[in-house]
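Reproduced below: upload_36.txt, with compact mmCIF, C-alpha atoms.
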```
# COMPACT_ATOMS: atom_id res chain seq x y z
CA MET V 1 117.24 10.76 74.49
CA SER V 2 118.23 14.25 73.56
CA LYS V 3 121.19 15.97 75.17
CA LEU V 4 120.42 17.91 78.35
CA LEU V 5 120.58 21.65 77.92
CA SER V 6 123.09 23.63 79.93
CA TRP V 7 122.33 27.09 81.32
CA LYS V 8 124.23 28.54 78.37
CA ASP V 9 121.53 27.24 76.01
CA LEU V 10 118.71 28.97 77.81
CA SER V 11 117.76 32.46 76.83
CA ALA V 12 117.38 34.76 79.81
CA PRO V 13 114.55 37.29 79.70
CA ILE V 14 116.69 40.06 78.27
CA ILE V 15 115.50 43.50 77.24
CA ALA V 16 118.23 44.61 74.86
CA GLU V 17 117.00 48.12 74.06
CA ALA V 18 118.06 50.53 76.82
CA GLY V 19 115.40 52.88 78.11
CA ASN V 20 112.68 51.71 75.72
CA SER V 21 110.00 52.40 78.33
CA VAL V 22 109.77 55.80 76.59
CA LEU V 23 107.54 53.94 74.12
CA TYR V 24 105.03 53.44 76.92
CA LYS V 25 103.26 56.75 77.44
CA THR V 26 101.97 57.17 80.99
CA GLY V 27 100.31 60.55 80.38
CA GLY V 28 96.94 58.81 80.19
CA TRP V 29 97.06 58.23 83.95
CA ARG V 30 96.57 61.93 84.54
CA ALA V 31 93.38 63.44 85.99
CA LEU V 32 94.91 66.79 86.89
CA LYS V 33 97.28 68.56 84.54
CA PRO V 34 100.13 70.88 85.59
CA VAL V 35 100.23 74.13 83.63
CA LEU V 36 103.40 76.18 83.86
CA ASP V 37 103.38 79.97 83.65
CA GLN V 38 106.79 80.65 82.09
CA SER V 39 106.66 84.34 83.06
CA LYS V 40 106.69 83.40 86.76
CA CYS V 41 109.37 80.69 86.52
CA ILE V 42 112.63 81.54 88.29
CA ARG V 43 114.53 78.51 86.87
CA CYS V 44 115.28 77.04 90.27
CA LEU V 45 115.02 73.51 88.80
CA LEU V 46 113.19 72.12 91.82
CA CYS V 47 110.33 70.74 89.68
CA TRP V 48 112.90 69.16 87.35
CA PHE V 49 114.49 67.39 90.28
CA TYR V 50 111.32 66.39 92.12
CA CYS V 51 109.38 65.04 89.12
CA PRO V 52 109.24 61.26 89.53
CA GLU V 53 108.96 60.36 85.85
CA PRO V 54 111.03 62.48 84.79
CA ALA V 55 108.42 64.45 82.81
CA ILE V 56 109.90 67.90 83.29
CA LYS V 57 112.53 68.68 80.70
CA ARG V 58 115.45 70.93 81.55
CA ARG V 59 116.35 73.17 78.65
CA GLU V 60 119.82 74.49 77.93
CA ASP V 61 119.10 77.79 79.71
CA ASP V 62 117.66 75.96 82.76
CA SER V 63 114.10 76.89 81.92
CA VAL V 64 111.78 73.88 81.99
CA GLU V 65 108.91 72.37 80.03
CA ILE V 66 106.39 69.74 81.00
CA ASP V 67 106.27 66.56 78.95
CA TYR V 68 102.62 65.55 78.92
CA ASP V 69 103.39 62.21 77.28
CA TYR V 70 104.65 60.94 80.63
CA CYS V 71 103.27 63.29 83.34
CA LYS V 72 101.02 61.24 85.64
CA GLY V 73 99.58 64.38 87.24
CA CYS V 74 100.87 63.72 90.75
CA GLY V 75 101.09 67.45 91.46
CA ILE V 76 104.44 67.43 93.25
CA CYS V 77 105.75 70.16 90.90
CA ALA V 78 102.84 72.50 91.67
CA ASN V 79 103.06 71.78 95.40
CA GLU V 80 106.81 72.45 95.54
CA CYS V 81 107.16 75.40 93.15
CA PRO V 82 108.43 78.26 95.36
CA VAL V 83 106.83 80.96 93.18
CA LYS V 84 103.57 79.13 92.41
CA ALA V 85 104.28 79.14 88.68
CA ILE V 86 102.55 75.78 88.19
CA ALA V 87 98.79 75.32 88.51
CA MET V 88 96.96 71.99 88.49
CA VAL V 89 93.90 72.11 86.23
CA GLU V 90 91.39 69.44 85.41
CA GLU V 91 92.49 67.40 82.40
CA GLY V 92 90.58 68.38 79.29
CA VAL V 93 89.58 71.80 80.67
CA GLY V 94 92.22 74.58 80.03
CA MET I 1 138.13 62.92 95.75
CA ALA I 2 134.44 62.98 95.05
CA VAL I 3 132.81 65.80 93.08
CA GLN I 4 130.66 67.84 95.49
CA ILE I 5 128.02 70.31 94.32
CA LYS I 6 126.53 73.37 96.01
CA THR I 7 123.39 73.98 93.95
CA LEU I 8 120.88 72.00 91.89
CA ARG I 9 122.16 73.77 88.77
CA GLU I 10 125.44 71.87 89.03
CA MET I 11 123.68 68.53 88.89
CA PRO I 12 124.41 66.76 85.58
CA ARG I 13 121.65 66.88 82.94
CA GLU I 14 122.06 63.40 81.57
CA GLU I 15 119.12 61.12 82.45
CA LEU I 16 120.01 57.45 82.64
CA PHE I 17 116.55 56.59 83.95
CA ALA I 18 113.80 56.84 81.35
CA PRO I 19 110.15 57.88 81.81
CA GLY I 20 107.38 55.48 80.88
CA HIS I 21 107.90 53.38 83.98
CA ARG I 22 104.86 52.23 85.96
CA LEU I 23 105.78 53.54 89.44
CA CYS I 24 102.78 55.24 91.10
CA ALA I 25 102.07 58.94 90.62
CA GLY I 26 103.90 60.80 93.38
CA CYS I 27 106.35 57.96 94.07
CA GLY I 28 109.59 58.95 95.79
CA ILE I 29 111.87 56.29 94.30
CA PRO I 30 112.83 57.87 90.93
CA GLN I 31 114.36 60.98 92.52
CA LEU I 32 116.87 58.66 94.19
CA VAL I 33 117.59 56.60 91.08
CA ARG I 34 118.01 59.62 88.81
CA THR I 35 120.35 61.27 91.31
CA ALA I 36 122.41 58.14 91.91
CA LEU I 37 122.93 57.62 88.18
CA LYS I 38 124.14 61.25 87.92
CA ALA I 39 126.31 61.18 91.06
CA VAL I 40 128.21 57.96 90.34
CA PRO I 41 130.72 58.90 87.63
CA GLY I 42 131.81 56.64 84.80
CA PRO I 43 130.56 53.17 83.86
CA LYS I 44 128.15 51.51 86.25
CA VAL I 45 126.11 48.36 86.67
CA VAL I 46 122.85 48.36 88.59
CA VAL I 47 121.43 45.43 90.53
CA THR I 48 117.90 45.67 91.87
CA ALA I 49 116.26 43.44 94.44
CA THR I 50 112.67 42.39 93.89
CA GLY I 51 110.45 45.30 94.81
CA CYS I 52 108.52 48.29 93.50
CA LEU I 53 111.48 49.66 91.56
CA GLU I 54 112.19 46.35 89.88
CA VAL I 55 108.63 45.43 88.87
CA ALA I 56 107.64 48.91 87.74
CA THR I 57 110.70 49.71 85.63
CA THR I 58 111.19 46.44 83.77
CA ILE I 59 107.78 45.29 82.62
CA PHE I 60 108.67 43.10 79.64
CA PRO I 61 109.45 44.10 76.91
CA TYR I 62 110.18 47.55 78.34
CA THR I 63 112.95 48.87 80.55
CA SER I 64 113.54 52.31 82.00
CA TRP I 65 117.24 51.67 82.50
CA ARG I 66 119.90 53.17 80.26
CA VAL I 67 122.67 51.36 82.14
CA PRO I 68 123.37 47.62 82.40
CA TRP I 69 120.82 46.31 84.89
CA VAL I 70 120.08 42.96 86.46
CA HIS I 71 117.44 41.51 88.72
CA ASN I 72 117.94 38.16 90.36
CA ALA I 73 115.70 37.47 93.36
CA PHE I 74 114.28 39.15 96.42
CA GLU I 75 116.91 37.92 98.86
CA ASN I 76 120.13 38.00 96.87
CA ALA I 77 120.64 41.46 95.35
CA ALA I 78 123.80 42.02 97.40
CA ALA I 79 125.13 38.54 96.57
CA THR I 80 124.47 39.10 92.85
CA ALA I 81 126.22 42.46 93.04
CA ALA I 82 129.15 40.87 94.88
CA GLY I 83 129.50 38.30 92.09
CA ILE I 84 129.40 40.99 89.40
CA GLU I 85 132.01 43.02 91.26
CA ALA I 86 134.27 39.98 91.65
CA ALA I 87 133.89 39.09 87.97
CA PHE I 88 134.85 42.61 86.90
CA LYS I 89 137.81 42.56 89.27
CA ALA I 90 139.01 39.39 87.54
CA LEU I 91 138.47 40.97 84.10
CA GLU I 92 140.38 44.05 85.20
CA LYS I 93 143.30 41.94 86.39
CA LYS I 94 143.40 39.62 83.37
CA ARG I 95 142.45 41.93 80.50
CA GLY I 96 142.71 45.45 81.89
CA VAL I 97 138.97 46.09 81.49
CA LYS I 98 137.86 49.29 83.25
CA ARG I 99 135.82 48.19 86.24
CA PRO I 100 132.32 49.68 86.55
CA LYS I 101 130.93 50.76 89.91
CA VAL I 102 128.23 48.39 91.11
CA ILE I 103 125.13 50.07 92.56
CA VAL I 104 122.45 48.04 94.33
CA PHE I 105 118.92 49.30 94.93
CA GLY I 106 116.85 47.32 97.40
CA GLY I 107 113.58 48.23 99.08
CA ASP I 108 113.17 47.95 102.82
CA GLY I 109 111.72 44.45 102.45
CA GLY I 110 114.63 43.39 100.26
CA THR I 111 117.14 45.01 102.61
CA PHE I 112 115.94 44.99 106.24
CA ASP I 113 114.31 41.55 106.05
CA ILE I 114 114.73 39.25 103.08
CA GLY I 115 118.10 40.44 101.75
CA LEU I 116 119.82 41.18 105.07
CA GLN I 117 121.86 37.98 105.06
CA ALA I 118 123.20 38.57 101.53
CA LEU I 119 123.90 42.21 102.40
CA SER I 120 125.75 41.19 105.56
CA GLY I 121 127.91 38.79 103.57
CA ALA I 122 128.74 41.34 100.88
CA LEU I 123 129.66 43.98 103.48
CA GLU I 124 131.78 41.54 105.45
CA ARG I 125 133.67 40.37 102.34
CA GLY I 126 134.34 43.99 101.46
CA HIS I 127 133.10 44.12 97.88
CA ASP I 128 133.41 47.44 96.11
CA LEU I 129 129.74 48.39 95.80
CA ILE I 130 127.21 51.02 96.82
CA TYR I 131 124.16 49.52 98.50
CA ILE I 132 121.20 51.89 98.58
CA CYS I 133 118.05 50.96 100.44
CA TYR I 134 114.96 52.86 99.29
CA ASP I 135 112.79 52.67 102.35
CA ASN I 136 109.03 53.18 102.01
CA GLU I 137 108.56 51.45 105.33
CA ALA I 138 106.51 48.40 104.26
CA TYR I 139 106.10 45.84 101.44
CA MET I 140 104.28 48.27 99.18
CA ASN I 141 104.53 46.29 95.96
CA THR I 142 102.75 43.25 97.39
CA GLY I 143 100.01 45.06 99.27
CA ILE I 144 101.45 47.12 102.15
CA GLN I 145 102.57 44.40 104.58
CA ARG I 146 104.68 45.48 107.59
CA SER I 147 108.46 45.10 107.37
CA GLY I 148 111.36 45.49 109.78
CA ALA I 149 111.51 49.09 108.57
CA THR I 150 107.89 49.96 109.37
CA PRO I 151 107.93 52.52 112.18
CA ARG I 152 106.12 52.00 115.44
CA GLY I 153 102.45 52.87 115.22
CA ALA I 154 102.13 52.73 111.43
CA ALA I 155 99.09 50.85 110.08
CA THR I 156 99.79 48.30 107.36
CA THR I 157 97.64 45.43 106.12
CA THR I 158 99.46 43.07 108.50
CA SER I 159 99.59 45.55 111.39
CA PRO I 160 96.17 47.17 110.99
CA ALA I 161 95.13 49.79 113.51
CA GLY I 162 92.07 48.65 115.41
CA LYS I 163 90.89 47.46 118.80
CA VAL I 164 93.78 45.02 119.31
CA ILE I 165 96.78 47.10 118.24
CA PRO I 166 97.21 50.77 117.23
CA GLY I 167 99.40 49.94 114.22
CA LYS I 168 102.74 48.14 114.34
CA PRO I 169 103.77 47.60 117.99
CA GLU I 170 107.51 47.18 117.32
CA ARG I 171 110.14 49.81 116.57
CA LYS I 172 112.04 50.20 113.30
CA LYS I 173 115.42 48.53 112.80
CA ASP I 174 118.50 50.73 112.55
CA LEU I 175 120.00 49.88 109.15
CA ILE I 176 122.89 52.35 109.35
CA ALA I 177 124.01 50.95 112.73
CA ILE I 178 123.90 47.43 111.24
CA ALA I 179 126.05 48.60 108.32
CA ILE I 180 128.55 50.37 110.58
CA ALA I 181 128.80 47.25 112.75
CA HIS I 182 130.19 45.50 109.65
CA GLY I 183 133.04 47.99 109.50
CA VAL I 184 131.94 49.86 106.37
CA ARG I 185 133.88 53.07 105.77
CA TYR I 186 130.90 55.17 104.75
CA ALA I 187 127.18 55.10 105.54
CA ALA I 188 124.58 57.86 105.31
CA THR I 189 120.89 58.68 105.24
CA LEU I 190 119.27 60.40 102.24
CA ASN I 191 116.04 62.32 101.69
CA PRO I 192 114.51 63.55 98.40
CA ALA I 193 113.66 66.95 99.87
CA TYR I 194 117.43 67.57 100.21
CA PRO I 195 118.73 66.99 96.66
CA VAL I 196 122.20 68.54 96.99
CA ASP I 197 122.89 66.63 100.23
CA MET I 198 121.75 63.43 98.51
CA PHE I 199 123.92 63.99 95.42
CA ASN I 200 127.02 64.74 97.47
CA LYS I 201 126.61 61.70 99.70
CA ILE I 202 126.16 59.33 96.75
CA ALA I 203 129.19 60.90 95.02
CA LYS I 204 131.21 60.43 98.20
CA ALA I 205 130.10 56.79 98.49
CA ALA I 206 131.16 56.26 94.86
CA SER I 207 134.64 57.62 95.56
CA ILE I 208 135.26 55.11 98.35
CA GLU I 209 136.75 51.71 97.55
CA GLY I 210 134.78 48.99 99.32
CA PRO I 211 131.18 48.64 100.45
CA THR I 212 129.09 51.68 101.41
CA VAL I 213 125.49 51.75 102.59
CA LEU I 214 122.98 54.54 101.99
CA HIS I 215 119.48 54.66 103.45
CA TYR I 216 116.90 56.68 101.51
CA PHE I 217 113.52 57.95 102.72
CA THR I 218 110.91 57.10 100.06
CA PRO I 219 107.48 58.71 100.29
CA CYS I 220 104.77 56.25 99.18
CA PRO I 221 101.32 57.79 98.53
CA THR I 222 99.77 54.35 97.93
CA GLY I 223 101.03 52.69 101.10
CA TRP I 224 101.00 55.72 103.35
CA ARG I 225 97.57 56.83 102.15
CA SER I 226 98.85 60.32 101.47
CA ASP I 227 98.24 62.92 98.76
CA PRO I 228 100.70 62.23 95.88
CA ALA I 229 101.33 65.98 95.57
CA LYS I 230 102.54 66.06 99.20
CA SER I 231 105.29 63.42 98.82
CA ILE I 232 108.20 65.86 99.00
CA GLU I 233 106.47 67.94 101.68
CA ILE I 234 106.16 64.79 103.82
CA ALA I 235 109.82 63.93 103.17
CA ARG I 236 110.90 67.41 104.27
CA LEU I 237 108.74 67.20 107.41
CA ALA I 238 110.36 63.86 108.26
CA VAL I 239 113.67 65.71 108.55
CA LEU I 240 112.27 68.81 110.27
CA THR I 241 110.48 66.71 112.94
CA ARG I 242 113.67 64.64 113.50
CA VAL I 243 111.82 61.50 112.40
CA TRP I 244 114.42 61.05 109.63
CA PRO I 245 117.72 62.61 110.71
CA LEU I 246 120.10 63.37 107.86
CA TYR I 247 123.54 62.20 108.95
CA GLU I 248 126.62 60.44 107.68
CA TYR I 249 129.31 58.21 109.08
CA GLU I 250 132.78 58.38 107.53
CA ASP I 251 135.80 56.48 108.84
CA GLY I 252 134.65 56.58 112.45
CA VAL I 253 133.29 60.14 112.40
CA TYR I 254 129.55 60.96 112.61
CA ARG I 255 128.18 64.19 111.15
CA ILE I 256 124.61 65.44 111.37
CA ASN I 257 124.04 67.17 108.02
CA VAL I 258 120.80 68.99 108.89
CA LEU I 259 120.97 70.02 112.51
CA VAL I 260 117.31 70.57 113.43
CA LYS I 261 117.52 72.94 116.39
CA SER I 262 113.81 73.48 117.01
CA PRO I 263 111.90 70.52 115.60
CA ARG I 264 108.41 70.82 114.19
CA PRO I 265 105.77 68.86 116.13
CA ILE I 266 105.73 65.25 114.97
CA GLU I 267 101.95 65.55 114.46
CA ASP I 268 102.65 67.82 111.45
CA TYR I 269 104.32 64.86 109.79
CA LEU I 270 101.80 62.25 110.94
CA LYS I 271 98.63 64.09 109.98
CA LEU I 272 99.47 64.08 106.27
CA GLN I 273 99.46 60.26 106.21
CA GLY I 274 96.49 57.93 106.58
CA ARG I 275 98.73 55.22 108.02
CA PHE I 276 99.14 57.32 111.16
CA ALA I 277 95.60 58.80 111.39
CA HIS I 278 94.68 56.60 114.39
CA LEU I 279 97.66 57.92 116.39
CA LEU I 280 95.94 61.29 116.62
CA GLN I 281 92.93 59.70 118.42
CA PRO I 282 92.94 60.17 122.22
CA GLU I 283 92.80 56.41 122.98
CA ASN I 284 96.08 55.85 121.10
CA ARG I 285 97.95 58.67 122.73
CA TRP I 286 100.25 56.21 124.53
CA MET I 287 101.48 54.88 121.18
CA LEU I 288 102.06 58.40 119.90
CA GLU I 289 104.10 59.13 123.05
CA GLN I 290 106.12 55.96 122.49
CA LEU I 291 106.85 57.02 118.90
CA LYS I 292 107.92 60.45 120.14
CA ARG I 293 110.28 58.79 122.63
CA ASP I 294 111.78 56.67 119.82
CA VAL I 295 112.45 59.79 117.77
CA GLU I 296 113.92 61.70 120.72
CA GLU I 297 116.14 58.81 121.81
CA ASN I 298 117.49 58.36 118.30
CA TRP I 299 118.20 62.09 117.93
CA ASN I 300 120.01 62.24 121.30
CA ARG I 301 122.02 59.15 120.39
CA LEU I 302 123.12 60.80 117.13
CA LEU I 303 124.01 64.05 118.91
CA LYS I 304 126.30 62.08 121.22
CA LEU I 305 127.86 60.16 118.33
CA ALA I 306 128.47 63.43 116.48
CA GLY I 307 130.07 64.96 119.58
CA LEU I 308 127.32 67.57 119.92
CA ALA I 309 125.97 66.51 123.30
```
Could you show the structure in this file as structure tokens?
Amino acid sequence: MSKLLSWKDLSAPIIAEAGNSVLYKTGGWRALKPVLDQSKCIRCLLCWFYCPEPAIKRREDDSVEIDYDYCKGCGICANECPVKAIAMVEEGVG
Amino acid sequence: MAVQIKTLREMPREELFAPGHRLCAGCGIPQLVRTALKAVPGPKVVVTATGCLEVATTIFPYTSWRVPWVHNAFENAAATAAGIEAAFKALEKKRGVKRPKVIVFGGDGGTFDIGLQALSGALERGHDLIYICYDNEAYMNTGIQRSGATPRGAATTTSPAGKVIPGKPERKKDLIAIAIAHGVRYAATLNPAYPVDMFNKIAKAASIEGPTVLHYFTPCPTGWRSDPAKSIEIARLAVLTRVWPLYEYEDGVYRINVLVKSPRPIEDYLKLQGRFAHLLQPENRWMLEQLKRDVEENWNRLLKLAGLA
């Protein structure tokens, strides 16, 4: 009869690498693609805050860029942009 | 004293919540998580109850968390957090280890229903933790079943609108009142359409020793049958129609943070969501009126508590 294991001998389902979901690209979910017109952007950062992924990167000067590796195309950024600097276009067209 | 910001620009850049998670497009949960991880200074440990946030951010072998994170079960997030807090208190006393702030995220199912007992115990024992309920008003992760947080009249798969009932017949529980009844020092409501208000309240909760409870409005395109692009618009309308009053309670004092003087018609909020579509039919008018009374009663109650009526 082998010795009974204690809880210390069991390995818990541990994910040791912090934030490794970046390896899983969710951009393929997208049907509509946000396109940002930098000339209209007023750097209000609303899209940066509202993006659920986050897939909108905030640059040093508070301008933003869209990270298509993760953008799921929800369209919140385009809907909320106060100066309509973001347009949703069909993926694969423009 | 908690750091308080005035504009979005002052919000820290560091992202402790990584993309690549599998939450639905247009989900309202990440805005809360990203803000909380920015607003709570210093080391932190996150506990998550079973729910959308847990299943979608930790699909093995991936995690979206850049902070220590643990999931235990549906019902015991607050108990797990209490144990972690107590362990760190012991380590602090014995070895001088700097104690992290413990943040709990639970959905409405994991908070209003299944985890309420554990939450009650943790609040009563006075553990130093921030409990944040992200409320999408039903069990969205398991297929949109009604919860104690589902508002009156909302259709879910277990309160479907039809000939027998026009959506859920019962009213929503008042989580903040339950928290205050436990003697917590700070409790507040949060909404993603009001980022600065949300940041400041979480920062304030973090500065308080002892349990604090925050209640966050989470738009859910999947469960509410709404356009994902409209999630924040719906959240904003919830405040502007007085459906979701933004207020805080601090050491016995109530403050309404967004005083909505002339509310938008509640229909503006309802018509963007499929779960309420039946309420706009003439035969269900009585239910719509009941919902309006709920909203009005709650607003008047808050005005009185805040000394404004």
| Which protein, DNA or RNA residues are at most 10 Å from (117.4, 66.2, 84.6) in the file's coordinates when you count all atoms listed in the file, listed as a list of chain:residue names? | V:Leu45, V:Cys47, V:Trp48, V:Phe49, V:Tyr50, V:Cys51, V:Pro54, V:Ala55, V:Ile56, V:Lys57, V:Arg58, V:Arg59, V:Asp62, V:Val64, I:Leu8, I:Arg9, I:Met11, I:Pro12, I:Arg13, I:Glu14, I:Glu15, I:Leu16, I:Phe17, I:Gln31, I:Arg34, I:Thr35, I:Lys38
Using only C-alpha atoms and a cut-off of 8 Å, which residues of chain I sit close to chain V? Please list them as an mmCIF file with C-alpha atoms, in the coordinates of the input.
```
data_model
loop_
_atom_site.group_PDB
_atom_site.id
_atom_site.type_symbol
_atom_site.label_atom_id
_atom_site.label_comp_id
_atom_site.auth_asym_id
_atom_site.auth_seq_id
_atom_site.Cartn_x
_atom_site.Cartn_y
_atom_site.Cartn_z
ATOM 1 C CA LEU I 8 120.880 72.000 91.890
ATOM 2 C CA ARG I 9 122.160 73.770 88.770
ATOM 3 C CA ARG I 13 121.650 66.880 82.940
ATOM 4 C CA LEU I 16 120.010 57.450 82.640
ATOM 5 C CA PHE I 17 116.550 56.590 83.950
ATOM 6 C CA ALA I 18 113.800 56.840 81.350
ATOM 7 C CA PRO I 19 110.150 57.880 81.810
ATOM 8 C CA GLY I 20 107.380 55.480 80.880
ATOM 9 C CA HIS I 21 107.900 53.380 83.980
ATOM 10 C CA ARG I 22 104.860 52.230 85.960
ATOM 11 C CA ALA I 25 102.070 58.940 90.620
ATOM 12 C CA GLY I 26 103.900 60.800 93.380
ATOM 13 C CA CYS I 27 106.350 57.960 94.070
ATOM 14 C CA GLY I 28 109.590 58.950 95.790
ATOM 15 C CA ILE I 29 111.870 56.290 94.300
ATOM 16 C CA PRO I 30 112.830 57.870 90.930
ATOM 17 C CA GLN I 31 114.360 60.980 92.520
ATOM 18 C CA THR I 57 110.700 49.710 85.630
ATOM 19 C CA PHE I 60 108.670 43.100 79.640
ATOM 20 C CA PRO I 61 109.450 44.100 76.910
ATOM 21 C CA TYR I 62 110.180 47.550 78.340
ATOM 22 C CA THR I 63 112.950 48.870 80.550
ATOM 23 C CA SER I 64 113.540 52.310 82.000
ATOM 24 C CA TRP I 65 117.240 51.670 82.500
ATOM 25 C CA ARG I 66 119.900 53.170 80.260
ATOM 26 C CA VAL I 67 122.670 51.360 82.140
ATOM 27 C CA PRO I 192 114.510 63.550 98.400
ATOM 28 C CA PRO I 195 118.730 66.990 96.660
ATOM 29 C CA PRO I 228 100.700 62.230 95.880
ATOM 30 C CA ALA I 229 101.330 65.980 95.570
ATOM 31 C CA LYS I 230 102.540 66.060 99.200
ATOM 32 C CA SER I 231 105.290 63.420 98.820
ATOM 33 C CA ILE I 232 108.200 65.860 99.000
ATOM 34 C CA GLU I 233 106.470 67.940 101.680
#
```
Around the point (100.9, 48.9, 113.4) (coordinates from the file), which residues reach within 7 Å if we count all atoms listed in the file? Answer as a JSON list (two decimals) with C-alpha atoms, in the coordinates of the input.
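The resulting file, out00.json, is shown below:
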```
[["chain", "number", "residue", "atom", "x", "y", "z"],
["I", 152, "ARG", "CA", 106.12, 52.00, 115.44],
["I", 153, "GLY", "CA", 102.45, 52.87, 115.22],
["I", 154, "ALA", "CA", 102.13, 52.73, 111.43],
["I", 155, "ALA", "CA", 99.09, 50.85, 110.08],
["I", 156, "THR", "CA", 99.79, 48.30, 107.36],
["I", 159, "SER", "CA", 99.59, 45.55, 111.39],
["I", 160, "PRO", "CA", 96.17, 47.17, 110.99],
["I", 161, "ALA", "CA", 95.13, 49.79, 113.51],
["I", 165, "ILE", "CA", 96.78, 47.10, 118.24],
["I", 166, "PRO", "CA", 97.21, 50.77, 117.23],
["I", 167, "GLY", "CA", 99.40, 49.94, 114.22],
["I", 168, "LYS", "CA", 102.74, 48.14, 114.34],
["I", 169, "PRO", "CA", 103.77, 47.60, 117.99]]
```
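With all atoms listed in the file as the atoms that count, the residue of V:Glu91, V:Ser63, V:Ser6, V:Tyr68 with the shortest distance to Gln38 of chain V is V:Ser63.
For the atom pair formed by atom CA of Lys163 of chain I and atom CA of Gly274 of chain I, the distance is 17.0 Å, given to one decimal.
Near segment 249-264 of chain I, within 7 Å and counting all atoms listed in the file, sit Arg185, Tyr186, Ala187, Ala188, Leu240, Thr241, Arg242, Leu305 and Ala306 of chain I; same-chain residues fewer than 5 positions away were not included.
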Can those selected residues be exported to a file as a PDB file, in the coordinates of the input so that it contains C-alpha atoms?
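What ended up in result-v5.pdb:
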```pdb
ATOM      1  CA  ARG I 185     133.880  53.070 105.770  1.00  0.00           C
ATOM      2  CA  TYR I 186     130.900  55.170 104.750  1.00  0.00           C
ATOM      3  CA  ALA I 187     127.180  55.100 105.540  1.00  0.00           C
ATOM      4  CA  ALA I 188     124.580  57.860 105.310  1.00  0.00           C
ATOM      5  CA  LEU I 240     112.270  68.810 110.270  1.00  0.00           C
ATOM      6  CA  THR I 241     110.480  66.710 112.940  1.00  0.00           C
ATOM      7  CA  ARG I 242     113.670  64.640 113.500  1.00  0.00           C
ATOM      8  CA  LEU I 305     127.860  60.160 118.330  1.00  0.00           C
ATOM      9  CA  ALA I 306     128.470  63.430 116.480  1.00  0.00           C
TER      10      ALA I 306
END
```
In Å and to one decimal, atom CA of Asp128 of chain I is distant from atom CA of Asn141 of chain I by 28.9 Å
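For the atom pair formed by atom CA of Arg95 of chain I and atom CA of Val184 of chain I, the distance is 29.0 Å, given to one decimal.
If all atoms listed in the file are the atoms counted, then among I:Leu308, I:Val45, I:Ala56, I:Val239 the closest residue to Val70 of chain I is I:Val45.
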